[in-house]
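A.B. asks: Structure below; questions to follow.
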Amino acid sequence: MDALHFSDISEPKPTKAGLAEAYAGINAALDRGDRTAALADWDRLRRHYDTWSALVHLRFAQDTTDATAKADRDYADSLAPEAAEFEIALKRRLLADADQPGLAAIAGAHALRLWETDVTTFDPAIKPDLEEEARLGARYTELLASAELHFAGQTLNLAGIGPHLEDPDRQTRYQAETVRWGFFEANAAELDDLYDQLVRLRHGMARKLGLPTFTPLGYRLLRRVDYGPDDVARYREQVVQHVVPLVGRLLEARRATNGWDRLRFWDEALIDPAGNPKPIGDHDVLVEQAQAMFDGMDPRLAGFYRIMRQGDFMDLRNRPGKAGGGFCTSFPSVGVPYIFANFNGTNADIGVFTHEMGHAFQNWESREQPGVDYLWPTMEAAEIHSMSLEFLTFPGIGRLVGEDAADRFRRMHLIGALSFLPYGVCVDHFQHEVYANPDASPAERHAMWQRLEKLYMPWSDYGDIAFLRKGGRWQAKPHIYGSPFYYIDYTLAQCCAMQFWVKSRHDYPAALETYVKLCGRGGSAPFQDLVRSAGLVSPFAEGALADVVREAEAVLGL
């Protein structure tokens with residue numbers, strides 16, 4: 001496995017006819033009564049298909065201007081509903097098997113529970129809608145990747161302007177935010193139209209599946225089998241009760257420290273009065289120093305990262321035409337993940353790198369799970385691995401920012417983690433309101449956002465940046481367009497990750513060992529079971545946030 005290189009991975013382009021033939025073979029094995037062989041063949045088929053799909057979508061993200069990559073993504077997006085139809089039909093057949101205990105013994109009881117959810121999310125009638133949804137999502141990605149921001153004599157993309165958004169000079173930050181949001185203002189009509197089409201399309205799919213709105217379908221698509229919207233609503237209330245006041249105090253202290261008459265939106269990113277700590281060097285230095293950091297943490301992490309480096313399973317440089325953001329994908333036919341990011345010379349490089357490495361390490365540790373359904377957990381559980389690694393790298397973070405800046409970085413990261421929670425739950429609450437009112441106009445959606453901002457982020461002051469003042473901030477968040485209801489997962493995971501942070505402060509080796517074991521469990525259980533297996537408190541439990549907030553207040557001297 002050490003010798004595997006990303007360039008060695010390839011998969012033939014699947015076709016509808018080829019999938020039909022493969023599924024016919026699987027069904028024939030079931031007809032013969034050989035469930036073990038049928039399930040093994042199905043697992044191999046899904047691994048190869050998922051690897052091909054991951055490669056196609058990764059190459060498009062690496063260069064959204066490449067015509068071949070775009071055509072390949074369009075083909076993959078058109079084939080996906082066909083593949084889903086074959087897959088759902090097989091799941092329905094398996095779930096109709098009279099011997100469910102015997103099936104569970106082969107596939108796993110949790111897998112059956114996931115399939116029971118999956119079969120409610122698809123019908124052939126929505127195949128054209130799924131293809132259109134993918135097309136609209138790709139257009140949003142292309143639109144944001146096309147940004148050309150003219151600032152300080154340079155032409156930058158949305159990631160490239162990042163360093164200026166946290167410049168120590170207040171006027172520079174303001175000007176950078178003005179240019180950044182000017183791009184969204186210039187494209188406001190298309191952004192509104194894209195989202196309007198997506199909302200109406202998703203609502204229509206839900207109605208075709210017999211559901212009143214998209215919300216229950218959105219939860220089922222995310223395979224949430226052990227909690228629902230009411231649990232999430234109670235969690236949002238915990239954030240309002242325990243976190244919003246704390247963040248307000250932190251921001252007021254920042255205002256007073258800097259002597260500002262009032263705190264503006266462009267001041268929120270500058271957490272450290274001395275200037276946010278930056279990476280110790282450029283891309284090459286950071287990648288090299290990370291090896292030393294992981295070497296000092298754990299031989300399993302260190303060995304895995306060496307495989308990622310030597311096999312070229314990372315694309316971290318920012319460049320024109322590259323999709324924004326960061327993500328981790330995987331190639332289950334070979335068992336190796338891949339991380340994607342856009343380094344821009346800010347502390348965000350360290351955050352996204354350690355975050356995506358957490359995803360990748362989990363996928364690596366769980367590669368021996370018995371079936372493809374268990375390779376990844378559901379999204380909120382997956383984010384525990386990523387966000388926890390951000391905190392678990394604290395002891396060695398000096399390797400990436402310099403020892404003299406390590407304490408400042410740790411403080412900044414903790415404040416940033418707390419400050420993120422109100423924004424994250426605001427994004428979630430907004431989506432619940434949007435899909436409960438699918439016929440709302442774009443202007444009404446902007447008004448929804450404005451109203452919710454006052455609840456979760458009452459400190460937001462956008463000055464004279466018109467696009468933000470009219471409630472447009474949410475349109476820069478890709479998850480709202482492409483992954484509905486996903487964003488709350490980050491906040492649920494942050495609650496768990498901060499519990500790992502508390503544990504690591506008292507017994508770091510034990511916390512790290514618990515983390516590695518949790519990664520190895522992959523998706524073999526639902527979210528709250530995985531949380532409990534690591535000795536963590538479910539975010540839905542009363543007081544879960546109160547405990548971590550108390551620890552944070554003590555560390556921050558509040």
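In the structure tokens, chains take the letters A, B, ... in the order shown, each chain's residues start at 1, and ligands count up from 1 in the order shown.
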Compile the contact shell of range 71-85 of chain A as a PyMOL selection string: residues with an atom at most 7 Å away, counting only C-alpha atoms, same-chain residues fewer than 2 positions apart removed.
C.D. replies: chain A and resi 16+53+56-57+60+67-69+87-89+124+127+130-131+134
A.B. asks: Apply DSSP to the structure's backbone, then extract all residues of range 143-218 of chain A labelled strand (DSSP E or B) and return them as a list in words.
C.D. replies: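 Filtering range 143-218 of chain A down to strand (DSSP E or B) leaves Leu149, His150, Phe151, Gln154, Thr155 and Leu156 of chain A.
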A.B. asks: The selected residues should be written to file as a PDB file, in the first residue's frame (atoms: C-alpha atoms).
C.D. replies:
ATOM      1  CA  LEU A 149     -11.400  40.182  -7.519  1.00  0.00           C
ATOM      2  CA  HIS A 150      -9.247  43.205  -8.275  1.00  0.00           C
ATOM      3  CA  PHE A 151      -7.511  44.266  -5.088  1.00  0.00           C
ATOM      4  CA  GLN A 154      -3.755  41.948  -8.012  1.00  0.00           C
ATOM      5  CA  THR A 155      -6.457  39.748  -9.516  1.00  0.00           C
ATOM      6  CA  LEU A 156      -7.531  37.239  -6.887  1.00  0.00           C
TER       7      LEU A 156
END
A.B. asks: May I have the residues within 7 Å of range 471-483 of chain A as a list in words, using only C-alpha atoms and disregarding those fewer than 6 positions away in the same chain?
C.D. replies: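 Those residues are Gly137, Tyr195, His446, Ala447, Trp449 and Gln450 of chain A.
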A.B. asks: CA of Phe214 in chain A and CA of Asp129 in chain A, how far apart in Å?
C.D. replies: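 CA of Asp129 in chain A sits 13.2 Å away from CA of Phe214 in chain A.
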A.B. asks: As an exercise, work out the distance from CA of Thr172 in chain A to CA of Asp404 in chain A in Å and give it to one decimal place.
C.D. replies: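 If I compute the distance from CA of Thr172 in chain A to CA of Asp404 in chain A, I get 25.8 Å.
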A.B. asks: Which is closest to Ala189 in chain A among A:Ala544, A:Ala443, A:Ala38, A:Ala360, if we use only C-alpha atoms?
C.D. replies: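 For Ala189 in chain A, the nearest of the candidates is A:Ala443.
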A.B. asks: Applying 9 Å and only C-alpha atoms, which residues near Pro168 in chain A remain after dropping the ones on its own chain fewer than 4 positions away? List them as a ChimeraX atom specification.
C.D. replies: /A:164,172-173,270,273-276
A.B. asks: Would you put the residues from that selection into a file with C-alpha atoms, as a PDB file, in the first residue's frame?
C.D. replies:
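Dumped everything to selection.pdb:
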ATOM      1  CA  HIS A 164      -6.534  40.597   3.262  1.00  0.00           C
ATOM      2  CA  THR A 172      -7.486  46.999   4.403  1.00  0.00           C
ATOM      3  CA  ARG A 173      -9.937  44.514   5.905  1.00  0.00           C
ATOM      4  CA  LEU A 270      -9.023  39.492  13.353  1.00  0.00           C
ATOM      5  CA  PRO A 273      -4.863  41.928  18.440  1.00  0.00           C
ATOM      6  CA  ALA A 274      -1.250  41.301  17.388  1.00  0.00           C
ATOM      7  CA  GLY A 275      -2.424  39.781  14.110  1.00  0.00           C
ATOM      8  CA  ASN A 276      -3.684  36.245  13.609  1.00  0.00           C
TER       9      ASN A 276
END
